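Data from work.cif: mmCIF, C-alpha atoms
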```
data_coords
#
loop_
_atom_site.group_PDB
_atom_site.id
_atom_site.type_symbol
_atom_site.label_atom_id
_atom_site.label_comp_id
_atom_site.auth_asym_id
_atom_site.auth_seq_id
_atom_site.Cartn_x
_atom_site.Cartn_y
_atom_site.Cartn_z
ATOM 1 C CA MET T 1 0.000 0.000 0.000
ATOM 2 C CA HIS T 2 2.735 2.487 0.961
ATOM 3 C CA LEU T 3 4.255 2.329 -2.547
ATOM 4 C CA ARG T 4 1.111 3.706 -4.197
ATOM 5 C CA ARG T 5 1.547 7.218 -5.552
ATOM 6 C CA ASP T 6 -2.139 8.159 -5.228
ATOM 7 C CA LEU T 7 -2.409 8.184 -1.421
ATOM 8 C CA GLU T 8 -2.550 11.994 -1.416
ATOM 9 C CA GLN T 9 -5.559 12.006 -3.712
ATOM 10 C CA THR T 10 -8.930 12.608 -2.055
ATOM 11 C CA ASP T 11 -11.505 9.829 -2.189
ATOM 12 C CA ARG T 12 -15.040 10.450 -3.447
ATOM 13 C CA GLU T 13 -16.619 9.931 -0.032
ATOM 14 C CA THR T 14 -14.501 12.690 1.500
ATOM 15 C CA LEU T 15 -15.263 14.970 -1.440
ATOM 16 C CA GLY T 16 -18.975 14.401 -0.878
ATOM 17 C CA GLU T 17 -18.709 15.212 2.829
ATOM 18 C CA LEU T 18 -16.679 18.343 2.118
ATOM 19 C CA PHE T 19 -19.035 19.554 -0.608
ATOM 20 C CA GLY T 20 -21.990 18.862 1.678
ATOM 21 C CA ALA T 21 -20.510 20.968 4.471
ATOM 22 C CA ILE T 22 -19.812 23.826 2.074
ATOM 23 C CA GLY T 23 -23.354 23.578 0.757
ATOM 24 C CA GLN T 24 -24.714 23.793 4.314
ATOM 25 C CA LEU T 25 -22.939 27.150 4.560
ATOM 26 C CA GLY T 26 -25.014 28.447 1.650
ATOM 27 C CA LEU T 27 -22.080 28.417 -0.791
ATOM 28 C CA LYS T 28 -21.815 26.949 -4.259
ATOM 29 C CA VAL T 29 -19.044 24.507 -5.159
ATOM 30 C CA TYR T 30 -17.247 24.260 -8.503
ATOM 31 C CA HIS T 31 -15.061 21.182 -8.710
ATOM 32 C CA TYR T 32 -12.057 21.015 -11.038
ATOM 33 C CA GLU T 33 -9.868 17.924 -11.012
ATOM 34 C CA HIS T 34 -6.653 19.441 -12.376
ATOM 35 C CA PRO T 35 -4.828 22.802 -12.089
ATOM 36 C CA LYS T 36 -4.893 23.142 -15.880
ATOM 37 C CA VAL T 37 -8.696 23.109 -15.856
ATOM 38 C CA LEU T 38 -8.741 25.660 -13.038
ATOM 39 C CA ALA T 39 -6.495 27.922 -15.109
ATOM 40 C CA GLU T 40 -8.781 27.568 -18.122
ATOM 41 C CA HIS T 41 -11.798 28.656 -16.048
ATOM 42 C CA ALA T 42 -10.040 31.256 -13.909
ATOM 43 C CA ALA T 43 -11.891 34.204 -15.417
ATOM 44 C CA LEU T 44 -15.157 32.807 -14.019
ATOM 45 C CA HIS T 45 -13.889 32.822 -10.428
ATOM 46 C CA THR T 46 -12.301 36.180 -9.697
ATOM 47 C CA SER T 47 -14.723 36.669 -6.784
ATOM 48 C CA ASP T 48 -14.444 33.142 -5.433
ATOM 49 C CA VAL T 49 -12.129 31.226 -3.096
ATOM 50 C CA VAL T 50 -10.023 28.283 -4.215
ATOM 51 C CA LEU T 51 -9.685 25.447 -1.724
ATOM 52 C CA SER T 52 -7.150 22.999 -3.109
ATOM 53 C CA ILE T 53 -6.954 19.371 -2.061
ATOM 54 C CA PHE T 54 -5.132 18.439 -5.264
ATOM 55 C CA GLY T 55 -2.534 15.714 -4.744
ATOM 56 C CA GLY T 56 -2.092 14.293 -8.194
ATOM 57 C CA ALA T 57 0.913 14.054 -10.494
ATOM 58 C CA ILE T 58 4.291 12.486 -9.763
ATOM 59 C CA SER T 59 6.329 15.632 -9.302
ATOM 60 C CA ARG T 60 8.190 17.202 -6.412
ATOM 61 C CA SER T 61 6.377 20.480 -7.135
ATOM 62 C CA ARG T 62 2.874 18.983 -7.478
ATOM 63 C CA MET T 63 1.559 20.660 -4.334
ATOM 64 C CA ALA T 64 2.708 24.053 -5.604
ATOM 65 C CA LEU T 65 0.764 23.904 -8.868
ATOM 66 C CA VAL T 66 -2.596 25.191 -7.608
ATOM 67 C CA PRO T 67 -1.243 28.181 -5.618
ATOM 68 C CA ALA T 68 0.975 29.043 -8.598
ATOM 69 C CA VAL T 69 -2.053 29.046 -10.910
ATOM 70 C CA CYS T 70 -4.011 31.159 -8.423
ATOM 71 C CA GLU T 71 -1.247 33.736 -8.138
ATOM 72 C CA ALA T 72 -0.812 33.891 -11.912
ATOM 73 C CA MET T 73 -4.552 34.274 -12.468
ATOM 74 C CA GLY T 74 -5.284 36.637 -9.575
ATOM 75 C CA LEU T 75 -7.499 34.202 -7.662
ATOM 76 C CA SER T 76 -8.026 34.120 -3.915
ATOM 77 C CA TYR T 77 -6.923 30.814 -2.382
ATOM 78 C CA ILE T 78 -6.451 28.985 0.895
ATOM 79 C CA GLY T 79 -3.111 27.729 2.119
ATOM 80 C CA PRO T 80 0.569 28.518 1.545
ATOM 81 C CA ASP T 81 1.832 30.154 -1.636
ATOM 82 C CA ALA T 82 3.848 28.065 -4.091
ATOM 83 C CA TYR T 83 7.119 28.656 -2.243
ATOM 84 C CA GLY T 84 5.604 27.885 1.158
ATOM 85 C CA ARG T 85 4.031 24.725 -0.209
ATOM 86 C CA VAL T 86 7.359 23.464 -1.550
ATOM 87 C CA ILE T 87 9.300 24.078 1.653
ATOM 88 C CA CYS T 88 6.633 22.290 3.689
ATOM 89 C CA GLN T 89 6.863 19.304 1.337
ATOM 90 C CA ASP T 90 10.656 19.187 1.613
ATOM 91 C CA LYS T 91 11.410 17.318 4.851
ATOM 92 C CA GLU T 92 14.993 18.590 4.992
ATOM 93 C CA VAL T 93 14.043 22.275 4.700
ATOM 94 C CA SER T 94 11.032 22.057 7.023
ATOM 95 C CA LYS T 95 13.138 20.393 9.735
ATOM 96 C CA ALA T 96 15.753 23.139 9.456
ATOM 97 C CA LEU T 97 13.056 25.796 9.855
ATOM 98 C CA ALA T 98 11.485 23.934 12.783
ATOM 99 C CA ALA T 99 14.845 23.802 14.564
ATOM 100 C CA GLU T 100 15.409 27.508 13.906
ATOM 101 C CA ALA T 101 11.949 28.237 15.335
ATOM 102 C CA GLY T 102 12.930 26.475 18.554
ATOM 103 C CA LEU T 103 11.349 23.041 18.191
ATOM 104 C CA LYS T 104 13.224 19.864 18.985
ATOM 105 C CA VAL T 105 13.977 17.905 15.802
ATOM 106 C CA ALA T 106 15.030 14.269 15.522
ATOM 107 C CA SER T 107 18.579 13.620 14.285
ATOM 108 C CA HIS T 108 18.565 12.905 10.562
ATOM 109 C CA ARG T 109 20.709 12.363 7.498
ATOM 110 C CA ILE T 110 19.995 12.670 3.763
ATOM 111 C CA VAL T 111 20.873 9.950 1.255
ATOM 112 C CA ARG T 112 20.879 11.485 -2.218
ATOM 113 C CA SER T 113 22.369 8.601 -4.214
ATOM 114 C CA ARG T 114 23.590 5.026 -3.810
ATOM 115 C CA GLY T 115 27.054 6.475 -3.222
ATOM 116 C CA ASP T 116 25.763 7.897 0.076
ATOM 117 C CA LEU T 117 24.645 4.528 1.456
ATOM 118 C CA SER T 118 27.951 4.070 3.275
ATOM 119 C CA ARG T 119 27.037 7.074 5.433
ATOM 120 C CA LEU T 120 24.356 4.949 7.114
ATOM 121 C CA ALA T 121 26.818 2.527 8.697
ATOM 122 C CA ASP T 122 27.250 4.654 11.811
ATOM 123 C CA PHE T 123 23.745 6.130 12.013
ATOM 124 C CA PRO T 124 22.185 5.084 15.346
ATOM 125 C CA LEU T 125 19.528 2.368 15.329
ATOM 126 C CA PRO T 126 16.586 2.279 15.207
ATOM 127 C CA TYR T 127 15.895 4.796 12.473
ATOM 128 C CA VAL T 128 13.179 5.580 9.945
ATOM 129 C CA ALA T 129 13.658 5.741 6.164
ATOM 130 C CA LYS T 130 11.284 7.928 4.154
ATOM 131 C CA PRO T 131 11.238 9.629 0.723
ATOM 132 C CA MET T 132 12.139 13.312 1.059
ATOM 133 C CA TRP T 133 9.330 14.915 -0.931
ATOM 134 C CA GLU T 134 6.310 12.685 -0.293
ATOM 135 C CA GLY T 135 3.344 13.077 2.034
ATOM 136 C CA SER T 136 0.453 10.945 3.349
ATOM 137 C CA SER T 137 2.964 8.243 4.394
ATOM 138 C CA ILE T 138 3.810 7.457 0.767
ATOM 139 C CA GLY T 139 6.905 5.275 0.927
ATOM 140 C CA ILE T 140 6.539 4.612 4.670
ATOM 141 C CA GLY T 141 5.595 0.997 5.322
ATOM 142 C CA PRO T 142 6.403 -2.002 7.537
ATOM 143 C CA ASP T 143 10.068 -2.049 6.425
ATOM 144 C CA SER T 144 10.647 1.659 7.068
ATOM 145 C CA LEU T 145 11.480 1.209 10.752
ATOM 146 C CA ILE T 146 15.077 0.062 10.521
ATOM 147 C CA THR T 147 16.649 -2.040 13.254
ATOM 148 C CA ASP T 148 19.496 -3.594 11.230
ATOM 149 C CA HIS T 149 22.127 -1.654 9.253
ATOM 150 C CA SER T 150 22.358 -4.066 6.322
ATOM 151 C CA LYS T 151 18.573 -4.206 5.967
ATOM 152 C CA GLY T 152 18.453 -0.418 6.245
ATOM 153 C CA ALA T 153 20.808 0.010 3.314
ATOM 154 C CA GLU T 154 18.592 -2.281 1.231
ATOM 155 C CA VAL T 155 15.439 -0.356 2.102
ATOM 156 C CA VAL T 156 17.014 3.034 1.383
ATOM 157 C CA ALA T 157 18.460 1.810 -1.929
ATOM 158 C CA TYR T 158 15.017 0.574 -2.945
ATOM 159 C CA LEU T 159 13.363 3.878 -2.027
ATOM 160 C CA LEU T 160 15.983 5.796 -4.029
ATOM 161 C CA GLU T 161 15.258 3.695 -7.088
ATOM 162 C CA HIS T 162 11.477 3.535 -6.733
ATOM 163 C CA PHE T 163 10.769 7.183 -5.911
ATOM 164 C CA LYS T 164 13.632 8.839 -7.837
ATOM 165 C CA GLN T 165 14.330 11.310 -5.031
ATOM 166 C CA PRO T 166 16.550 11.638 -1.943
ATOM 167 C CA VAL T 167 15.721 9.599 1.146
ATOM 168 C CA MET T 168 15.740 10.970 4.677
ATOM 169 C CA VAL T 169 16.774 8.718 7.541
ATOM 170 C CA GLU T 170 15.904 10.008 10.983
ATOM 171 C CA THR T 171 16.192 8.656 14.490
ATOM 172 C CA PHE T 172 13.052 6.794 15.507
ATOM 173 C CA VAL T 173 11.352 8.712 18.306
ATOM 174 C CA ALA T 174 9.299 6.623 20.692
ATOM 175 C CA GLY T 175 6.315 8.310 22.273
ATOM 176 C CA ARG T 176 2.787 9.445 21.581
ATOM 177 C CA GLU T 177 1.690 10.359 18.039
ATOM 178 C CA VAL T 178 0.453 13.969 18.085
ATOM 179 C CA SER T 179 -0.504 16.781 15.716
ATOM 180 C CA PHE T 180 -0.675 20.504 16.361
ATOM 181 C CA CYS T 181 -3.676 21.460 14.230
ATOM 182 C CA TYR T 182 -4.317 25.064 13.260
ATOM 183 C CA ILE T 183 -6.683 27.335 11.337
ATOM 184 C CA GLU T 184 -5.430 30.873 10.836
ATOM 185 C CA ALA T 185 -8.847 32.599 10.881
ATOM 186 C CA PRO T 186 -11.294 34.029 11.790
ATOM 187 C CA ALA T 187 -10.538 34.388 15.526
ATOM 188 C CA PRO T 188 -7.898 37.043 16.315
ATOM 189 C CA ASN T 189 -5.277 34.351 16.728
ATOM 190 C CA GLY T 190 -7.035 31.641 14.743
ATOM 191 C CA HIS T 191 -7.850 28.218 16.152
ATOM 192 C CA ARG T 192 -5.376 25.731 17.618
ATOM 193 C CA SER T 193 -5.715 22.200 18.967
ATOM 194 C CA LEU T 194 -3.104 19.642 19.993
ATOM 195 C CA ALA T 195 -4.450 16.177 19.190
ATOM 196 C CA GLU T 196 -3.192 12.729 20.121
ATOM 197 C CA LEU T 197 -3.866 9.707 17.939
ATOM 198 C CA VAL T 198 -4.480 6.597 20.031
ATOM 199 C CA TRP T 199 -4.243 3.158 18.435
ATOM 200 C CA GLY T 200 -6.944 0.791 19.702
ATOM 201 C CA ASP T 201 -6.415 -0.051 23.362
ATOM 202 C CA GLU T 202 -2.608 0.289 23.165
ATOM 203 C CA PRO T 203 -1.543 3.603 24.720
ATOM 204 C CA ASP T 204 2.122 2.765 24.020
ATOM 205 C CA HIS T 205 1.589 1.507 20.450
ATOM 206 C CA PHE T 206 3.718 4.234 18.867
ATOM 207 C CA ASP T 207 6.616 3.496 21.180
ATOM 208 C CA ARG T 208 7.181 0.505 18.898
ATOM 209 C CA HIS T 209 5.473 1.332 15.598
ATOM 210 C CA LEU T 210 5.491 3.998 12.926
ATOM 211 C CA TYR T 211 2.332 5.815 11.949
ATOM 212 C CA ASP T 212 2.605 4.425 8.429
ATOM 213 C CA ALA T 213 0.279 4.094 5.432
ATOM 214 C CA ALA T 214 -1.438 1.001 6.862
ATOM 215 C CA HIS T 215 -2.355 2.896 10.044
ATOM 216 C CA LYS T 216 -4.124 5.498 7.904
ATOM 217 C CA ALA T 217 -6.413 3.003 6.137
ATOM 218 C CA PRO T 218 -10.156 3.679 6.615
ATOM 219 C CA ALA T 219 -10.624 0.446 8.584
ATOM 220 C CA ALA T 220 -7.853 1.241 11.057
ATOM 221 C CA VAL T 221 -8.910 1.212 14.731
ATOM 222 C CA LYS T 222 -7.880 4.588 16.072
ATOM 223 C CA THR T 223 -9.239 7.489 18.076
ATOM 224 C CA VAL T 224 -8.250 11.145 18.377
ATOM 225 C CA ARG T 225 -8.370 13.187 21.581
ATOM 226 C CA ALA T 226 -7.487 16.784 22.370
ATOM 227 C CA ILE T 227 -4.577 17.277 24.822
ATOM 228 C CA ASN T 228 -4.165 21.045 24.666
ATOM 229 C CA ASP T 229 -3.146 21.293 28.309
ATOM 230 C CA GLU T 230 -0.025 19.219 27.563
ATOM 231 C CA LEU T 231 1.562 21.668 25.121
ATOM 232 C CA ARG T 232 4.298 23.697 26.795
ATOM 233 C CA CYS T 233 4.224 27.479 26.349
ATOM 234 C CA ASN T 234 7.650 27.610 24.736
ATOM 235 C CA GLU T 235 6.635 24.896 22.258
ATOM 236 C CA ALA T 236 3.413 26.714 21.359
ATOM 237 C CA GLU T 237 5.463 29.861 20.725
ATOM 238 C CA ALA T 238 7.884 27.878 18.545
ATOM 239 C CA MET T 239 4.953 26.476 16.526
ATOM 240 C CA GLU T 240 3.715 29.997 15.853
ATOM 241 C CA GLN T 241 7.230 31.082 14.881
ATOM 242 C CA LEU T 242 7.449 28.197 12.404
ATOM 243 C CA LEU T 243 4.125 29.183 10.843
ATOM 244 C CA GLN T 244 5.422 32.735 10.466
ATOM 245 C CA PHE T 245 8.576 31.448 8.754
ATOM 246 C CA VAL T 246 6.470 29.633 6.158
ATOM 247 C CA GLY T 247 4.076 32.556 5.714
ATOM 248 C CA PRO T 248 0.267 32.361 5.616
ATOM 249 C CA THR T 249 -0.633 28.670 5.622
ATOM 250 C CA GLY T 250 -4.405 28.774 6.057
ATOM 251 C CA TYR T 251 -4.901 25.506 7.879
ATOM 252 C CA GLY T 252 -2.982 22.316 8.532
ATOM 253 C CA ARG T 253 -0.987 20.230 10.995
ATOM 254 C CA ILE T 254 2.454 20.196 12.539
ATOM 255 C CA ASP T 255 3.075 16.507 13.203
ATOM 256 C CA GLY T 256 5.346 15.089 15.864
ATOM 257 C CA LYS T 257 5.800 12.827 18.863
ATOM 258 C CA LEU T 258 5.456 13.570 22.564
ATOM 259 C CA TYR T 259 8.410 11.972 24.343
ATOM 260 C CA ASP T 260 8.686 12.512 28.091
ATOM 261 C CA GLY T 261 6.317 15.452 27.683
ATOM 262 C CA GLU T 262 8.438 17.166 25.019
ATOM 263 C CA PHE T 263 7.228 17.757 21.457
ATOM 264 C CA VAL T 264 9.590 16.416 18.777
ATOM 265 C CA PHE T 265 8.933 17.786 15.279
ATOM 266 C CA LEU T 266 8.483 15.340 12.386
ATOM 267 C CA GLU T 267 6.876 17.263 9.507
ATOM 268 C CA MET T 268 4.424 19.929 8.348
ATOM 269 C CA THR T 269 1.173 19.104 6.578
ATOM 270 C CA PRO T 270 -0.526 22.271 5.304
ATOM 271 C CA ASP T 271 -2.927 20.238 3.140
ATOM 272 C CA ALA T 272 -4.407 18.277 6.055
ATOM 273 C CA TRP T 273 -7.009 15.665 5.123
ATOM 274 C CA LEU T 274 -10.396 17.343 5.577
ATOM 275 C CA ALA T 275 -12.629 14.298 6.130
ATOM 276 C CA PRO T 276 -14.765 14.439 9.319
ATOM 277 C CA THR T 277 -12.910 11.341 10.542
ATOM 278 C CA GLY T 278 -9.432 12.773 9.904
ATOM 279 C CA THR T 279 -7.084 13.885 12.674
ATOM 280 C CA PHE T 280 -7.423 17.542 11.657
ATOM 281 C CA ALA T 281 -11.228 17.715 11.869
ATOM 282 C CA LEU T 282 -11.429 15.492 14.944
ATOM 283 C CA SER T 283 -8.930 17.669 16.794
ATOM 284 C CA PHE T 284 -11.429 20.529 16.622
ATOM 285 C CA SER T 285 -14.520 18.344 17.061
ATOM 286 C CA CYS T 286 -12.982 17.309 20.397
ATOM 287 C CA ILE T 287 -13.183 20.915 21.578
ATOM 288 C CA GLY T 288 -16.779 21.462 20.492
ATOM 289 C CA MET T 289 -16.651 22.607 16.856
ATOM 290 C CA SER T 290 -19.021 21.059 14.315
ATOM 291 C CA TYR T 291 -17.700 19.864 10.974
ATOM 292 C CA GLU T 292 -19.517 22.714 9.205
ATOM 293 C CA ASP T 293 -17.919 25.220 11.618
ATOM 294 C CA ILE T 294 -14.472 23.765 10.925
ATOM 295 C CA ILE T 295 -14.912 24.043 7.161
ATOM 296 C CA ALA T 296 -16.332 27.577 7.524
ATOM 297 C CA HIS T 297 -13.232 28.682 9.435
ATOM 298 C CA VAL T 298 -10.973 26.990 6.873
ATOM 299 C CA LEU T 299 -12.693 28.940 4.084
ATOM 300 C CA LEU T 300 -12.298 32.161 6.043
ATOM 301 C CA SER T 301 -8.548 31.597 6.236
ATOM 302 C CA ALA T 302 -8.205 32.504 2.550
ATOM 303 C CA ARG T 303 -5.745 35.202 1.568
ATOM 304 C CA PRO T 304 -7.373 38.643 1.262
ATOM 305 C CA SER T 305 -9.367 39.114 -1.931
ATOM 306 C CA PRO T 306 -12.651 40.612 -3.186
ATOM 307 C CA GLN T 307 -15.594 39.023 -1.376
ATOM 308 C CA GLY T 308 -17.121 36.045 -3.162
ATOM 309 C CA ARG T 309 -20.068 33.788 -2.644
ATOM 310 C CA SER T 310 -18.534 30.513 -3.862
ATOM 311 C CA ALA T 311 -15.928 27.978 -2.824
ATOM 312 C CA ASN T 312 -13.940 26.050 -5.375
ATOM 313 C CA ASP T 313 -11.962 22.877 -5.133
#
```

What's the structure tokens form of this structure?
Amino acid sequence: MHLRRDLEQTDRETLGELFGAIGQLGLKVYHYEHPKVLAEHAALHTSDVVLSIFGGAISRSRMALVPAVCEAMGLSYIGPDAYGRVICQDKEVSKALAAEAGLKVASHRIVRSRGDLSRLADFPLPYVAKPMWEGSSIGIGPDSLITDHSKGAEVVAYLLEHFKQPVMVETFVAGREVSFCYIEAPAPNGHRSLAELVWGDEPDHFDRHLYDAAHKAPAAVKTVRAINDELRCNEAEAMEQLLQFVGPTGYGRIDGKLYDGEFVFLEMTPDAWLAPTGTFALSFSCIGMSYEDIIAHVLLSARPSPQGRSAND
């Protein structure tokens, strides 16, 4: 499953739920399946808001296509600009920014070619191997948690060949799987919620396992709970600093682990899955927001533009 390249693409059920919530807000939805089609119809939507959940195409810049089209065509849109989208997708750059912002970051190393495989011989075990520019756990499967150096070299070599991009190896961080979820409007400081993902009845599950593609399958047994009182003040300030470094991001998640009460940064996800059962939506449902309220606030996080009465995907 983790080798599929379509895991970032939104399923029809989620689209239906999202469109339904937007409709409940009294807004009309226009759905375009590709940035090229959006560009062709741009003149019809100068007073509208573009909400992109596009995850298609095998390209390291695929997530930047929609914001680039919007900027070129003068359309209002939600989320980071093209540059911000690219640096969030790049695990190496986002970790550097997170560290500069003051967050703890797991030790890591980049393997850019087979010639770099020898650099793994002294990297501490256990570690995680993941493609540098993917999201939605693409490339992260049962073999990605490395406990043997020879096996690790095999896994990294395979990822290099299969995904045609650098591979990041990072120290495996035991602890609780958490996400700092945010919406940048409409409250003065937006909305924030720290959520923990709990696997079945195993509170220590992620001490031993990765949150990989299989864990994200619809049938997976998991729950999400808000733990806002466990986020330290200095870590909350560092999260806000990181968001400022990236620029307006609209909505999304900062994913990490809680180890001995300390947040350890893993990655940024500005295109958080918007299904009612996703971590992002559930993090706010836990604190009393309805799904329609969540989507309304997401739409209101759009970059300033002439007022419109529609929402586009």

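Minimum distance to Tyr259 (chain T) across T:His205, T:Arg176, T:Lys36, T:His108 (counting all atoms listed in the file) occurs at T:Arg176.
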
Just the number, please: distance in Å from CA of Ala296 (chain T) to CA of Ser47 (chain T), one decimal.
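Atom-to-atom, CA of Ala296 (chain T) to CA of Ser47 (chain T), that is 17.0 Å.
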
Can you list, as an NGL selection string, the residues that the PyMOL selection byres ((chain T and resi 82) around 10) selects here?
:T and (61-71 or 79-81 or 83-87)

Taking only C-alpha atoms into account, which of T:Val264, T:Ala43, T:Ile138, T:Leu51 comes nearest Leu15 (chain T)?
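Among the listed residues, T:Leu51 lies closest to Leu15 (chain T).
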
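Between Leu194 (chain T) and the residues T:Met168, T:Ala96, T:Ala236, T:Ile53, the shortest atom-to-atom distance, using only C-alpha atoms, involves T:Ala236.
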
From the list T:Ile287, T:Leu243, T:Ala238, T:Val169, which residue is nearest Lys104 (chain T) when using only C-alpha atoms?
T:Ala238

For the file shown, report as JSON, numbers by chain the outcome of the PyMOL selection byres ((chain T and resi 262) around 12) at residue level.
{"T": [103, 104, 105, 106, 173, 174, 175, 176, 177, 178, 230, 231, 232, 233, 234, 235, 236, 256, 257, 258, 259, 260, 261, 263, 264, 265]}

In Å, with one decimal, what is the gap from CA of Asn189 (chain T) to CA of Gly26 (chain T)?
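Atom-to-atom, CA of Asn189 (chain T) and CA of Gly26 (chain T) are spaced 25.5 Å apart.
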
Could you tell me which residues the PyMOL selection byres ((chain T and resi 115) around 12) grabs in this file, written as a ChimeraX atom specification?
/T:110-114,116-120,153,156-157,160,166

Would you mind listing what lies within 8 Å of Cys88 (chain T) as a CSV table (one decimal) with C-alpha atoms, in the frame of the given file, with only C-alpha atoms counted and same-chain residues fewer than 3 positions away left out?
```
chain,number,residue,atom,x,y,z
T,84,GLY,CA,5.6,27.9,1.2
T,85,ARG,CA,4.0,24.7,-0.2
T,91,LYS,CA,11.4,17.3,4.9
T,93,VAL,CA,14.0,22.3,4.7
T,94,SER,CA,11.0,22.1,7.0
T,246,VAL,CA,6.5,29.6,6.2
T,267,GLU,CA,6.9,17.3,9.5
T,268,MET,CA,4.4,19.9,8.3
T,269,THR,CA,1.2,19.1,6.6
T,270,PRO,CA,-0.5,22.3,5.3
```

Select, from T:His215, T:Glu184, T:Arg192, T:His162, the residue with the minimum atom-to-atom distance to Gly141 (chain T), counting all atoms listed in the file.
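Comparing T:His215, T:Glu184, T:Arg192, T:His162 against Gly141 (chain T), the winner is T:His215.
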
Which of these residues is nearest to Leu97 (chain T), using all atoms listed in the file: T:Gly135, T:Gly252, T:Gly23, T:Gly247?
T:Gly247
